$ cat structure30.tsv   # TSV, C-alpha atoms
chain	number	residue	atom	x	y	z
A	1158	MET	CA	-153.15	-98.69	-44.28
A	1159	ILE	CA	-156.86	-99.45	-44.39
A	1160	ARG	CA	-158.28	-102.91	-44.81
A	1161	GLU	CA	-161.79	-104.20	-44.67
A	1162	LYS	CA	-163.06	-107.73	-44.60
A	1163	GLN	CA	-165.99	-109.82	-43.49
A	1164	VAL	CA	-164.82	-112.27	-40.82
A	1165	VAL	CA	-166.16	-115.80	-40.58
A	1166	THR	CA	-168.30	-114.96	-37.56
A	1167	ARG	CA	-170.44	-112.71	-39.79
A	1168	GLU	CA	-168.91	-109.58	-38.36
A	1169	HIS	CA	-167.73	-106.73	-40.50
A	1170	GLU	CA	-164.36	-105.30	-39.63
A	1171	ARG	CA	-162.60	-102.08	-40.48
A	1172	ALA	CA	-159.00	-101.46	-39.44
A	1173	PHE	CA	-156.89	-98.34	-39.89
A	1174	GLU	CA	-154.18	-96.22	-38.29
A	1175	LEU	CA	-155.28	-93.42	-35.95
A	1176	PHE	CA	-154.10	-91.82	-32.69
A	1177	GLY	CA	-150.60	-93.01	-33.60
A	1178	THR	CA	-151.75	-96.60	-33.22
A	1179	SER	CA	-153.93	-99.30	-34.80
A	1180	VAL	CA	-157.69	-99.03	-34.59
A	1181	ARG	CA	-160.33	-101.70	-35.36
A	1182	ILE	CA	-164.09	-101.53	-35.49
A	1183	LEU	CA	-166.13	-104.75	-35.56
A	1184	ALA	CA	-169.89	-105.15	-35.86
A	1185	GLY	CA	-172.28	-107.86	-36.91
A	1186	GLY	CA	-174.93	-110.26	-35.75
A	1187	GLU	CA	-178.61	-109.51	-35.83
A	1188	PRO	CA	-179.16	-105.74	-35.56
A	1189	ALA	CA	-181.97	-104.35	-33.43
A	1190	GLU	CA	-185.06	-103.13	-35.24
A	1191	GLY	CA	-184.37	-99.79	-36.89
A	1192	ALA	CA	-180.60	-100.09	-36.49
A	1193	PRO	CA	-178.51	-99.37	-39.59
A	1194	PRO	CA	-176.59	-102.12	-41.40
A	1195	ALA	CA	-173.28	-102.98	-39.80
A	1196	GLU	CA	-171.24	-101.33	-42.59
A	1197	VAL	CA	-173.06	-98.02	-42.14
A	1198	ALA	CA	-172.76	-98.15	-38.35
A	1199	ILE	CA	-169.05	-98.88	-38.68
A	1200	ALA	CA	-168.62	-95.91	-41.04
A	1201	ALA	CA	-170.36	-93.65	-38.52
A	1202	ALA	CA	-168.13	-94.94	-35.72
A	1203	GLU	CA	-165.03	-94.39	-37.84
A	1204	ALA	CA	-166.12	-90.82	-38.54
A	1205	VAL	CA	-166.42	-90.18	-34.80
A	1206	LEU	CA	-162.94	-91.55	-34.17
A	1207	ARG	CA	-161.45	-89.47	-36.98
A	1208	ALA	CA	-163.14	-86.35	-35.64
A	1209	CYS	CA	-161.60	-87.07	-32.23
A	1210	GLN	CA	-158.18	-87.42	-33.81
A	1211	LEU	CA	-158.57	-84.13	-35.69
A	1212	ASP	CA	-159.80	-82.19	-32.68
A	1213	LEU	CA	-157.97	-83.67	-29.71
A	1214	SER	CA	-154.36	-84.15	-30.83
A	1215	ARG	CA	-151.77	-81.94	-29.17
A	1216	PHE	CA	-149.30	-82.82	-31.93
A	1217	ASP	CA	-151.32	-81.18	-34.72
A	1218	PRO	CA	-150.90	-77.39	-34.58
A	1219	ASP	CA	-154.23	-76.96	-36.38
A	1220	SER	CA	-156.24	-79.18	-34.04
A	1221	GLU	CA	-158.90	-77.62	-31.87
A	1222	LEU	CA	-156.91	-78.63	-28.79
A	1223	SER	CA	-153.82	-76.81	-30.05
A	1224	ARG	CA	-155.91	-73.70	-30.72
A	1225	LEU	CA	-157.42	-73.96	-27.26
A	1226	ASN	CA	-153.97	-74.29	-25.71
A	1227	ALA	CA	-152.74	-71.27	-27.67
A	1228	ASP	CA	-155.68	-69.09	-26.63
A	1229	PRO	CA	-154.68	-66.68	-23.81
A	1230	ALA	CA	-158.31	-66.00	-22.86
A	1231	PRO	CA	-159.50	-67.70	-19.64
A	1232	SER	CA	-162.53	-69.19	-21.38
A	1233	ARG	CA	-163.27	-70.34	-24.91
A	1234	VAL	CA	-166.37	-71.62	-26.66
A	1235	THR	CA	-165.47	-74.96	-28.21
A	1236	SER	CA	-167.11	-77.77	-30.10
A	1237	ARG	CA	-169.22	-80.17	-28.06
A	1238	LEU	CA	-166.64	-82.84	-28.78
A	1239	MET	CA	-163.89	-80.73	-27.22
A	1240	SER	CA	-165.90	-79.74	-24.15
A	1241	GLY	CA	-166.91	-83.38	-23.70
A	1242	ALA	CA	-163.29	-84.49	-23.92
A	1243	VAL	CA	-162.22	-81.85	-21.39
A	1244	SER	CA	-165.03	-82.96	-19.06
A	1245	ALA	CA	-163.79	-86.53	-19.39
A	1246	ALA	CA	-160.23	-85.44	-18.59
A	1247	VAL	CA	-161.37	-83.55	-15.49
A	1248	HIS	CA	-163.44	-86.58	-14.44
A	1249	ALA	CA	-160.35	-88.77	-14.85
A	1250	ALA	CA	-158.35	-86.41	-12.66
A	1251	GLU	CA	-161.03	-86.39	-9.97
A	1252	ARG	CA	-161.54	-90.16	-10.12
A	1253	SER	CA	-157.81	-90.78	-9.80
A	1254	GLY	CA	-157.25	-88.30	-6.98
A	1255	GLY	CA	-155.18	-86.13	-9.30
A	1256	LEU	CA	-152.91	-88.88	-10.64
A	1257	VAL	CA	-154.30	-88.79	-14.19
A	1258	ASP	CA	-153.56	-85.10	-14.59
A	1259	PRO	CA	-154.27	-83.38	-17.94
A	1260	THR	CA	-152.16	-80.30	-17.11
A	1261	LEU	CA	-148.70	-81.92	-17.20
A	1262	ILE	CA	-147.96	-81.02	-20.80
A	1263	SER	CA	-144.89	-78.90	-19.97
A	1264	ALA	CA	-143.42	-81.73	-17.89
A	1265	LEU	CA	-144.11	-84.16	-20.74
A	1266	GLU	CA	-142.30	-81.90	-23.17
A	1267	SER	CA	-139.38	-81.49	-20.75
A	1268	ALA	CA	-139.17	-85.27	-20.44
A	1269	GLY	CA	-138.79	-85.52	-24.22
A	1270	TYR	CA	-142.36	-86.16	-25.36
A	1271	ALA	CA	-142.88	-82.98	-27.39
A	1272	GLU	CA	-143.70	-84.73	-30.65
A	1273	SER	CA	-145.64	-87.84	-31.59
A	1274	LEU	CA	-143.69	-91.05	-31.06
A	1275	ARG	CA	-145.81	-92.86	-33.64
A	1276	ASP	CA	-142.88	-93.83	-35.84
A	1277	ALA	CA	-140.25	-94.09	-33.10
A	1278	GLU	CA	-138.91	-97.45	-32.01
A	1279	PRO	CA	-139.47	-97.85	-28.25
A	1280	ALA	CA	-136.36	-98.16	-26.09
A	1281	PRO	CA	-135.86	-101.66	-24.62
A	1282	LEU	CA	-138.07	-101.93	-21.54
A	1283	ARG	CA	-135.81	-104.42	-19.74
A	1284	ASP	CA	-132.84	-102.05	-20.10
A	1285	ALA	CA	-134.96	-99.17	-18.82
A	1286	LEU	CA	-136.09	-101.16	-15.79
A	1287	ARG	CA	-132.49	-102.02	-14.90
A	1288	ALA	CA	-131.51	-98.35	-15.10
A	1289	ALA	CA	-134.61	-96.94	-13.38
A	1290	PRO	CA	-134.49	-95.30	-9.95
A	1291	ALA	CA	-135.96	-96.84	-6.79
A	1292	ARG	CA	-139.62	-97.74	-7.16
A	1293	ARG	CA	-142.22	-95.67	-5.40
A	1294	PRO	CA	-145.91	-94.89	-5.87
A	1295	ALA	CA	-146.77	-91.72	-7.74
A	1296	ALA	CA	-148.63	-88.90	-6.00
A	1297	PRO	CA	-150.74	-85.94	-7.13
A	1298	SER	CA	-149.08	-82.62	-7.85
A	1299	HIS	CA	-149.06	-80.05	-5.05
A	1300	GLY	CA	-150.48	-77.34	-7.27
A	1301	ALA	CA	-153.25	-79.52	-8.73
A	1302	MET	CA	-153.79	-77.16	-11.65
A	1303	TRP	CA	-156.34	-79.58	-13.09
A	1304	ARG	CA	-158.76	-78.29	-10.45
A	1305	THR	CA	-158.82	-74.96	-12.30
A	1306	VAL	CA	-160.08	-76.61	-15.51
A	1307	SER	CA	-163.79	-76.96	-16.22
A	1308	ALA	CA	-166.17	-77.47	-19.13
A	1309	THR	CA	-169.76	-76.29	-18.98
A	1310	GLY	CA	-171.90	-76.64	-22.05
A	1311	ARG	CA	-169.53	-75.70	-24.86
A	1312	GLU	CA	-167.40	-73.38	-22.73
A	1313	VAL	CA	-164.00	-74.53	-21.51
A	1314	ARG	CA	-162.39	-72.51	-18.71
A	1315	ARG	CA	-158.78	-72.65	-17.49
A	1316	PRO	CA	-156.33	-70.00	-16.33
A	1317	PRO	CA	-154.17	-68.43	-19.02
A	1318	GLY	CA	-151.09	-70.50	-19.66
A	1319	VAL	CA	-152.58	-73.79	-18.48
A	1320	ARG	CA	-152.34	-76.11	-21.45
A	1321	LEU	CA	-154.17	-79.42	-21.69
A	1322	ASP	CA	-152.99	-82.84	-22.81
A	1323	LEU	CA	-155.97	-85.14	-23.25
A	1324	GLY	CA	-153.85	-88.22	-23.93
A	1325	GLY	CA	-154.76	-89.73	-20.56
A	1326	SER	CA	-158.41	-90.12	-21.45
A	1327	ALA	CA	-158.88	-89.31	-25.14
A	1328	LYS	CA	-158.77	-92.83	-26.55
A	1329	GLY	CA	-161.30	-94.09	-24.01
A	1330	PHE	CA	-163.45	-91.05	-24.67
A	1331	ALA	CA	-163.24	-91.62	-28.43
A	1332	ALA	CA	-164.07	-95.32	-28.07
A	1333	ASP	CA	-167.08	-94.48	-25.90
A	1334	ARG	CA	-168.32	-91.95	-28.46
A	1335	ALA	CA	-167.79	-94.32	-31.37
A	1336	SER	CA	-169.54	-97.18	-29.62
A	1337	ALA	CA	-172.75	-95.13	-29.48
A	1338	SER	CA	-172.97	-95.50	-33.26
A	1339	LEU	CA	-172.83	-99.29	-32.90
A	1340	ALA	CA	-175.29	-99.75	-30.05
A	1341	GLY	CA	-178.01	-101.32	-32.22
A	1342	GLN	CA	-175.77	-104.03	-33.65
A	1343	GLY	CA	-175.95	-107.65	-32.55
A	1344	THR	CA	-172.29	-107.55	-31.55
A	1345	PHE	CA	-169.70	-104.80	-31.74
A	1346	ALA	CA	-166.22	-103.87	-30.61
A	1347	VAL	CA	-164.25	-100.67	-30.83
A	1348	ASP	CA	-160.52	-101.17	-30.40
A	1349	ALA	CA	-158.86	-97.78	-30.13
A	1350	GLY	CA	-155.23	-98.84	-29.89
A	1351	GLY	CA	-155.96	-101.39	-27.19
A	1352	ASP	CA	-158.67	-99.43	-25.40
A	1353	LEU	CA	-161.72	-101.60	-25.99
A	1354	VAL	CA	-165.44	-100.97	-25.78
A	1355	LEU	CA	-167.54	-104.07	-26.36
A	1356	GLY	CA	-171.26	-104.67	-26.55
A	1357	GLY	CA	-174.23	-105.57	-28.66
A	1358	ALA	CA	-177.86	-106.49	-28.37
A	1359	SER	CA	-177.17	-110.23	-28.43
A	1360	GLY	CA	-175.02	-110.33	-25.27
A	1361	THR	CA	-172.57	-112.58	-27.06
A	1362	LEU	CA	-169.25	-113.22	-25.39
A	1363	ARG	CA	-166.07	-112.03	-27.05
A	1364	SER	CA	-162.55	-113.23	-26.33
A	1365	VAL	CA	-160.24	-110.56	-24.90
A	1366	THR	CA	-156.48	-111.08	-24.88
A	1367	VAL	CA	-154.18	-108.96	-22.72
A	1368	ALA	CA	-150.77	-108.56	-24.34
A	1369	HIS	CA	-147.67	-108.95	-22.18
A	1370	PRO	CA	-145.07	-106.16	-22.41
A	1371	LEU	CA	-142.11	-108.47	-21.79
A	1372	ASP	CA	-143.27	-111.64	-23.51
A	1373	THR	CA	-144.52	-112.56	-26.94
A	1374	ARG	CA	-147.09	-114.79	-25.23
A	1375	PRO	CA	-150.20	-113.00	-23.92
A	1376	ALA	CA	-150.53	-112.17	-20.24
A	1377	LEU	CA	-154.04	-113.62	-20.00
A	1378	HIS	CA	-157.33	-114.23	-21.77
A	1379	PHE	CA	-160.90	-113.78	-20.63
A	1380	GLN	CA	-164.29	-113.29	-22.16
A	1381	LEU	CA	-166.55	-110.31	-21.91
A	1382	ALA	CA	-169.94	-109.54	-23.41
A	1383	ALA	CA	-170.23	-105.83	-22.73
A	1384	GLY	CA	-168.16	-103.11	-21.14
A	1385	ALA	CA	-164.77	-101.56	-21.58
A	1386	VAL	CA	-161.21	-102.77	-21.13
A	1387	ALA	CA	-158.16	-100.51	-21.18
A	1388	THR	CA	-154.47	-101.18	-20.76
A	1389	SER	CA	-151.87	-98.63	-19.77
A	1390	GLY	CA	-148.18	-99.33	-19.76
A	1391	ILE	CA	-144.72	-97.86	-19.98
A	1392	GLY	CA	-143.30	-100.17	-22.63
A	1393	THR	CA	-144.52	-98.47	-25.80
A	1394	ARG	CA	-143.92	-94.75	-25.31
A	1395	ILE	CA	-140.44	-95.09	-23.84
A	1396	TRP	CA	-137.21	-93.46	-25.00
A	1397	ARG	CA	-133.60	-92.87	-24.09
A	1398	THR	CA	-132.49	-89.62	-22.49
A	1399	GLY	CA	-129.08	-88.19	-21.71
A	1400	SER	CA	-129.20	-89.71	-18.24
A	1401	GLY	CA	-131.15	-92.91	-18.82
A	1402	PHE	CA	-134.71	-93.60	-19.92
A	1403	ALA	CA	-138.05	-91.81	-19.82
A	1404	HIS	CA	-141.64	-92.75	-20.58
A	1405	HIS	CA	-144.95	-90.94	-20.93
A	1406	LEU	CA	-146.66	-91.80	-17.63
A	1407	LEU	CA	-145.53	-89.08	-15.26
A	1408	ASP	CA	-145.61	-88.89	-11.49
A	1409	PRO	CA	-147.53	-85.60	-11.07
A	1410	SER	CA	-145.72	-84.85	-7.79
A	1411	SER	CA	-142.31	-84.76	-9.49
A	1412	GLY	CA	-143.18	-84.19	-13.15
A	1413	ARG	CA	-140.91	-87.11	-14.00
A	1414	PRO	CA	-141.63	-90.60	-15.33
A	1415	ALA	CA	-143.19	-92.86	-12.70
A	1416	TRP	CA	-141.33	-96.06	-11.80
A	1417	THR	CA	-143.72	-97.79	-9.45
A	1418	GLY	CA	-142.99	-101.50	-9.81
A	1419	VAL	CA	-145.90	-101.90	-12.26
A	1420	ILE	CA	-145.13	-101.82	-15.98
A	1421	GLN	CA	-148.65	-102.45	-17.26
A	1422	ALA	CA	-152.16	-102.28	-15.84
A	1423	THR	CA	-155.38	-103.50	-17.42
A	1424	ALA	CA	-158.78	-102.45	-16.08
A	1425	VAL	CA	-162.34	-103.54	-16.82
A	1426	ALA	CA	-165.07	-100.94	-16.36
A	1427	ALA	CA	-168.40	-99.79	-17.70
A	1428	THR	CA	-166.94	-97.14	-20.03
A	1429	GLY	CA	-163.74	-96.52	-21.93
A	1430	VAL	CA	-162.92	-93.38	-19.97
A	1431	GLU	CA	-163.43	-95.21	-16.68
A	1432	ALA	CA	-161.31	-98.18	-17.75
A	1433	GLU	CA	-158.51	-95.94	-19.02
A	1434	THR	CA	-158.56	-93.93	-15.81
A	1435	LEU	CA	-158.49	-97.01	-13.59
A	1436	ALA	CA	-155.67	-98.59	-15.58
A	1437	LYS	CA	-153.46	-95.49	-15.36
A	1438	THR	CA	-154.30	-94.98	-11.69
A	1439	ALA	CA	-153.42	-98.58	-10.86
A	1440	LEU	CA	-150.10	-98.35	-12.66
A	1441	LEU	CA	-149.20	-95.08	-10.97
A	1442	LEU	CA	-150.09	-96.35	-7.48
A	1443	GLY	CA	-147.83	-99.40	-7.68
A	1444	PRO	CA	-148.55	-103.08	-6.96
A	1445	GLU	CA	-150.40	-103.00	-3.62
A	1446	ARG	CA	-152.64	-99.98	-3.98
A	1447	GLY	CA	-153.02	-100.59	-7.70
A	1448	LEU	CA	-154.61	-103.97	-7.07
A	1449	ARG	CA	-157.09	-102.39	-4.67
A	1450	VAL	CA	-158.12	-99.89	-7.35
A	1451	LEU	CA	-158.80	-102.74	-9.79
A	1452	GLN	CA	-160.58	-104.94	-7.25
A	1453	PRO	CA	-164.23	-103.88	-7.75
A	1454	GLU	CA	-164.55	-104.44	-11.49
A	1455	GLY	CA	-161.52	-106.56	-12.29
A	1456	GLY	CA	-158.14	-106.05	-13.81
A	1457	ALA	CA	-154.56	-107.22	-14.01
A	1458	LEU	CA	-151.12	-105.85	-13.27
A	1459	VAL	CA	-147.84	-106.85	-14.87
A	1460	LEU	CA	-145.01	-106.20	-12.45
A	1461	ASP	CA	-141.41	-105.25	-13.20
A	1462	ASP	CA	-140.33	-108.89	-13.15
A	1463	GLY	CA	-143.05	-109.89	-15.63
A	1464	ARG	CA	-145.40	-111.53	-13.13
A	1465	VAL	CA	-149.10	-111.15	-13.85
A	1466	VAL	CA	-151.30	-110.40	-10.84
A	1467	LEU	CA	-155.09	-110.50	-11.17
A	1468	ALA	CA	-157.65	-108.44	-9.28
A	1469	GLY	CA	-161.36	-108.76	-8.56
A	1470	PRO	CA	-163.62	-110.79	-10.87
A	1471	LEU	CA	-160.77	-111.62	-13.24
A	1472	ARG	CA	-159.11	-113.75	-10.53
A	1473	ALA	CA	-161.80	-116.37	-11.02
A	1474	ARG	CA	-162.47	-115.84	-14.68
A	1475	ALA	CA	-159.21	-115.29	-16.51
A	1476	VAL	CA	-156.98	-117.85	-18.15
A	1477	GLU	CA	-153.37	-116.86	-17.51
A	1478	ALA	CA	-151.23	-117.48	-20.53
A	1479	ALA	CA	-147.72	-116.20	-19.79
B	845	MET	CA	-158.24	-70.39	-45.12
B	846	LYS	CA	-158.82	-70.11	-41.35
B	847	PRO	CA	-157.70	-73.10	-39.25
B	848	ALA	CA	-161.28	-73.71	-38.07
B	849	THR	CA	-162.56	-73.72	-41.66
B	850	ARG	CA	-159.74	-75.99	-42.71
B	851	THR	CA	-160.44	-78.41	-39.88
B	852	LEU	CA	-164.14	-78.47	-40.76
B	853	SER	CA	-163.33	-79.12	-44.40
B	854	VAL	CA	-160.93	-81.91	-43.51
B	855	ARG	CA	-163.49	-83.43	-41.16
B	856	ILE	CA	-166.27	-83.36	-43.75
B	857	THR	CA	-163.93	-84.90	-46.29
B	858	ALA	CA	-162.86	-87.61	-43.82
B	859	VAL	CA	-166.46	-88.44	-42.91
B	860	SER	CA	-167.47	-88.58	-46.58
B	861	LEU	CA	-164.55	-90.81	-47.50
B	862	ALA	CA	-165.15	-93.09	-44.52
B	863	ALA	CA	-168.85	-93.43	-45.33
B	864	ALA	CA	-168.26	-93.98	-49.03
B	865	GLY	CA	-165.46	-96.45	-48.34
B	866	ALA	CA	-167.53	-98.45	-45.88
B	867	ILE	CA	-170.67	-98.55	-48.02
B	868	PHE	CA	-168.99	-99.40	-51.31
B	869	GLY	CA	-166.44	-101.62	-49.57
B	870	GLY	CA	-169.28	-103.45	-47.86
B	871	LEU	CA	-171.11	-103.88	-51.15
B	872	ALA	CA	-167.95	-105.18	-52.77
B	873	VAL	CA	-167.40	-107.67	-49.95
B	874	GLN	CA	-171.00	-108.89	-50.15
B	875	MET	CA	-170.75	-109.26	-53.93
B	876	ALA	CA	-167.47	-111.11	-53.52
B	877	HIS	CA	-169.23	-113.54	-51.21
B	878	GLY	CA	-171.88	-114.22	-53.81
B	879	HIS	CA	-174.57	-112.07	-52.26
B	880	ASP	CA	-176.06	-109.33	-54.39
B	881	PRO	CA	-177.65	-106.76	-52.04
B	882	ALA	CA	-180.10	-105.80	-54.79
B	883	LEU	CA	-181.61	-109.28	-54.52
B	884	GLY	CA	-182.53	-108.89	-50.85
B	885	ALA	CA	-181.38	-110.67	-47.70
B	886	GLY	CA	-179.27	-113.73	-48.30
B	887	THR	CA	-177.69	-116.45	-46.26
B	888	SER	CA	-174.28	-114.78	-46.03
B	889	THR	CA	-175.30	-112.71	-43.00
B	890	ALA	CA	-176.73	-115.59	-40.97
B	891	ARG	CA	-175.45	-115.56	-37.37
B	892	SER	CA	-173.74	-118.60	-35.97
B	893	SER	CA	-175.87	-120.55	-33.51
B	894	SER	CA	-172.87	-121.66	-31.46
B	895	THR	CA	-172.17	-118.29	-29.83
B	896	ARG	CA	-172.61	-118.11	-26.06
B	897	GLN	CA	-174.59	-115.62	-24.07
B	898	THR	CA	-174.39	-114.40	-20.49
B	899	SER	CA	-176.76	-113.12	-17.89
B	900	PRO	CA	-176.77	-109.32	-17.39
B	901	THR	CA	-175.24	-109.75	-13.94
B	902	ASP	CA	-172.31	-111.86	-15.09
B	903	PRO	CA	-170.62	-110.38	-18.13
B	904	PHE	CA	-167.52	-112.54	-17.62
B	905	ALA	CA	-167.14	-116.18	-18.51
B	906	GLN	CA	-164.47	-118.78	-18.90
B	907	GLN	CA	-162.55	-118.98	-22.14
B	908	ASP	CA	-164.71	-120.58	-24.81
B	909	GLN	CA	-163.03	-122.19	-27.79
B	910	SER	CA	-166.22	-122.74	-29.80
B	911	GLY	CA	-165.88	-121.62	-33.38
B	912	GLY	CA	-168.89	-119.30	-33.55
B	913	SER	CA	-167.73	-116.55	-31.21
B	914	PRO	CA	-167.13	-113.07	-32.55
B	915	SER	CA	-163.63	-112.08	-33.50
B	916	GLY	CA	-161.28	-111.77	-30.54
B	917	VAL	CA	-159.71	-108.47	-29.53
B	918	VAL	CA	-156.42	-107.57	-27.91
B	919	THR	CA	-155.79	-104.93	-25.29
B	920	ARG	CA	-152.28	-103.56	-24.98
B	921	ALA	CA	-150.50	-100.40	-23.95
B	922	SER	CA	-150.15	-98.01	-26.86

$ encode --input "structure30.tsv" --output "structure tokens"
Amino acid sequence: MIREKQVVTREHERAFELFGTSVRILAGGEPAEGAPPAEVAIAAAEAVLRACQLDLSRFDPDSELSRLNADPAPSRVTSRLMSGAVSAAVHAAERSGGLVDPTLISALESAGYAESLRDAEPAPLRDALRAAPARRPAAPSHGAMWRTVSATGREVRRPPGVRLDLGGSAKGFAADRASASLAGQGTFAVDAGGDLVLGGASGTLRSVTVAHPLDTRPALHFQLAAGAVATSGIGTRIWRTGSGFAHHLLDPSSGRPAWTGVIQATAVAATGVEAETLAKTALLLGPERGLRVLQPEGGALVLDDGRVVLAGPLRARAVEAA
Amino acid sequence: MKPATRTLSVRITAVSLAAAGAIFGGLAVQMAHGHDPALGAGTSTARSSSTRQTSPTDPFAQQDQSGGSPSGVVTRAS
């Protein structure tokens, strides 16, 4: 479904389905000199997002990522978009100490995430939490195959048989790329399924709401003029298995879903990739170490029991709602 | 058709449709609001004066309920 409207704040909005989720692009206000009209900038941003979807999906056998994963050669010349996305994934792995690992695709498939869950109803999170094993922080894999992956120029290198899943960083990467098309607008926002990149020449504040995975009321609100916000959680891509429940955020050390005591993490950062990486890292590290990861730039954790815990600048700035 | 050629074709088509949709959709929205783009800049794109601004060193601020702020956004796991 695609809808377009002009909101009362003089922003133009375009909303559509992409990446198996809902995407919105907003832009308006007084554009900088030489910047295109908001509608044109939004169209350019949408084109970037759609190109990311076409190239970076592991669920589309014709995508560039699928062709890269099927290529037995140790190196392959790719599009700049693909090499940039691989660079972002390697950066995320380095930044997270190996927790946000793009080489866990076989483990994901073994856990039951071999096809898109776009149309699947998530399993009940409360039931999954009751059935989950003892909580423990996730840890990097011993093999750390992500260290063998690199992108230089347009060349992507990885050992034969190492397949990549860019899901850990692709939405943030796409939002960052799309936001470049909107940089001259007075205000703008790219919402790639909850991964947000905000900005604009006017420095105008925008209200950000963090959804709560166990409550219809939001977890918190705050305002932000520019930067990125990403939320990672286990409540949306979660399904039943023969022995219980599984979700898509794996503990790289075991290759199994991570049950850490944190069910959702939200991070604020300068870029979408950084925010997405910090959010996933915080969730995988569990409550104590996760809060330390979020401390410098701000963030929030939702724990197994639904409590919301704030970190860094958000402790003074956020309005808790739930 | 080779997969790479097909992907390129699909991408070009998607970009064209997105651009055409945004431009003509935008024109339609402006016309619907009584502003004919052919007549030049009108009042329908005036920015609200009640929006707040921040210093570069403090991008956060307390919740503001004033009516002129840009549309709110929601972050959630997806």

$ residues_around --input "structure30.tsv" --residues "stretch 1444-1458 of chain A" --least-positions-apart "6" --cutoff "8 Å" --atoms "all atoms listed in the file" --output "list of chain:residue names"
A:Thr1417, A:Gly1418, A:Val1419, A:Ile1420, A:Gln1421, A:Ala1422, A:Thr1423, A:Ala1424, A:Val1425, A:Ala1426, A:Leu1435, A:Ala1436, A:Thr1438, A:Val1465, A:Val1466, A:Leu1467, A:Ala1468, A:Gly1469, A:Pro1470, A:Leu1471, A:Arg1472

$ interface_residues --input "structure30.tsv" --of "chain A" --to "chain B" --cutoff "6 Å" --atoms "only C-alpha atoms" --output "NGL selection string"
:A and (1166-1167 or 1186 or 1196 or 1200 or 1204 or 1219 or 1350-1351 or 1360-1368 or 1379-1382 or 1388-1390 or 1393 or 1474)

$ atom_distance --input "structure30.tsv" --atom1 "atom CA of A:Val1459" --atom2 "atom CA of A:Thr1178"
21.4 Å

$ closest_residue --input "structure30.tsv" --among "A:Arg1292, A:Arg1215, A:Arg1311, A:Arg1287" --to "A:Ser1236" --atoms "only C-alpha atoms"
A:Arg1311

$ residues_around --input "structure30.tsv" --residues "A:Thr1434" --least-positions-apart "3" --cutoff "10 Å" --atoms "only C-alpha atoms" --output "number ranges by chain"
A: 1245-1246, 1248-1253, 1256-1257, 1325-1326, 1329, 1387-1389, 1424, 1426, 1428-1431, 1437-1439

$ closest_residue --input "structure30.tsv" --among "A:Leu1406, A:Val1234, A:Met1239, A:Ala1385" --to "A:Ala1295" --atoms "only C-alpha atoms"
A:Leu1406

$ decode --input "structure30.tsv" --residues "stretch 1309-1329 of chain A" --atoms "C-alpha atoms" --output "PDB file, in the first residue's frame"
ATOM      1  CA  THR A1309      37.556  -2.500  -0.906  1.00  0.00           C
ATOM      2  CA  GLY A1310      36.311  -0.212  -3.626  1.00  0.00           C
ATOM      3  CA  ARG A1311      33.750  -2.353  -5.431  1.00  0.00           C
ATOM      4  CA  GLU A1312      35.427  -5.663  -4.590  1.00  0.00           C
ATOM      5  CA  VAL A1313      33.971  -7.876  -1.880  1.00  0.00           C
ATOM      6  CA  ARG A1314      36.202 -10.660  -0.546  1.00  0.00           C
ATOM      7  CA  ARG A1315      35.192 -13.632   1.622  1.00  0.00           C
ATOM      8  CA  PRO A1316      36.235 -17.280   1.671  1.00  0.00           C
ATOM      9  CA  PRO A1317      34.194 -19.626  -0.509  1.00  0.00           C
ATOM     10  CA  GLY A1318      31.130 -20.835   1.328  1.00  0.00           C
ATOM     11  CA  VAL A1319      30.878 -17.860   3.669  1.00  0.00           C
ATOM     12  CA  ARG A1320      27.470 -16.371   3.021  1.00  0.00           C
ATOM     13  CA  LEU A1321      26.401 -12.948   4.243  1.00  0.00           C
ATOM     14  CA  ASP A1322      23.207 -11.788   5.909  1.00  0.00           C
ATOM     15  CA  LEU A1323      23.100  -7.995   5.994  1.00  0.00           C
ATOM     16  CA  GLY A1324      19.935  -7.841   8.085  1.00  0.00           C
ATOM     17  CA  GLY A1325      21.860  -6.624  11.118  1.00  0.00           C
ATOM     18  CA  SER A1326      22.818  -3.350   9.505  1.00  0.00           C
ATOM     19  CA  ALA A1327      20.971  -3.016   6.190  1.00  0.00           C
ATOM     20  CA  LYS A1328      18.040  -0.895   7.352  1.00  0.00           C
ATOM     21  CA  GLY A1329      20.321   1.580   9.099  1.00  0.00           C
TER      22      GLY A1329
END
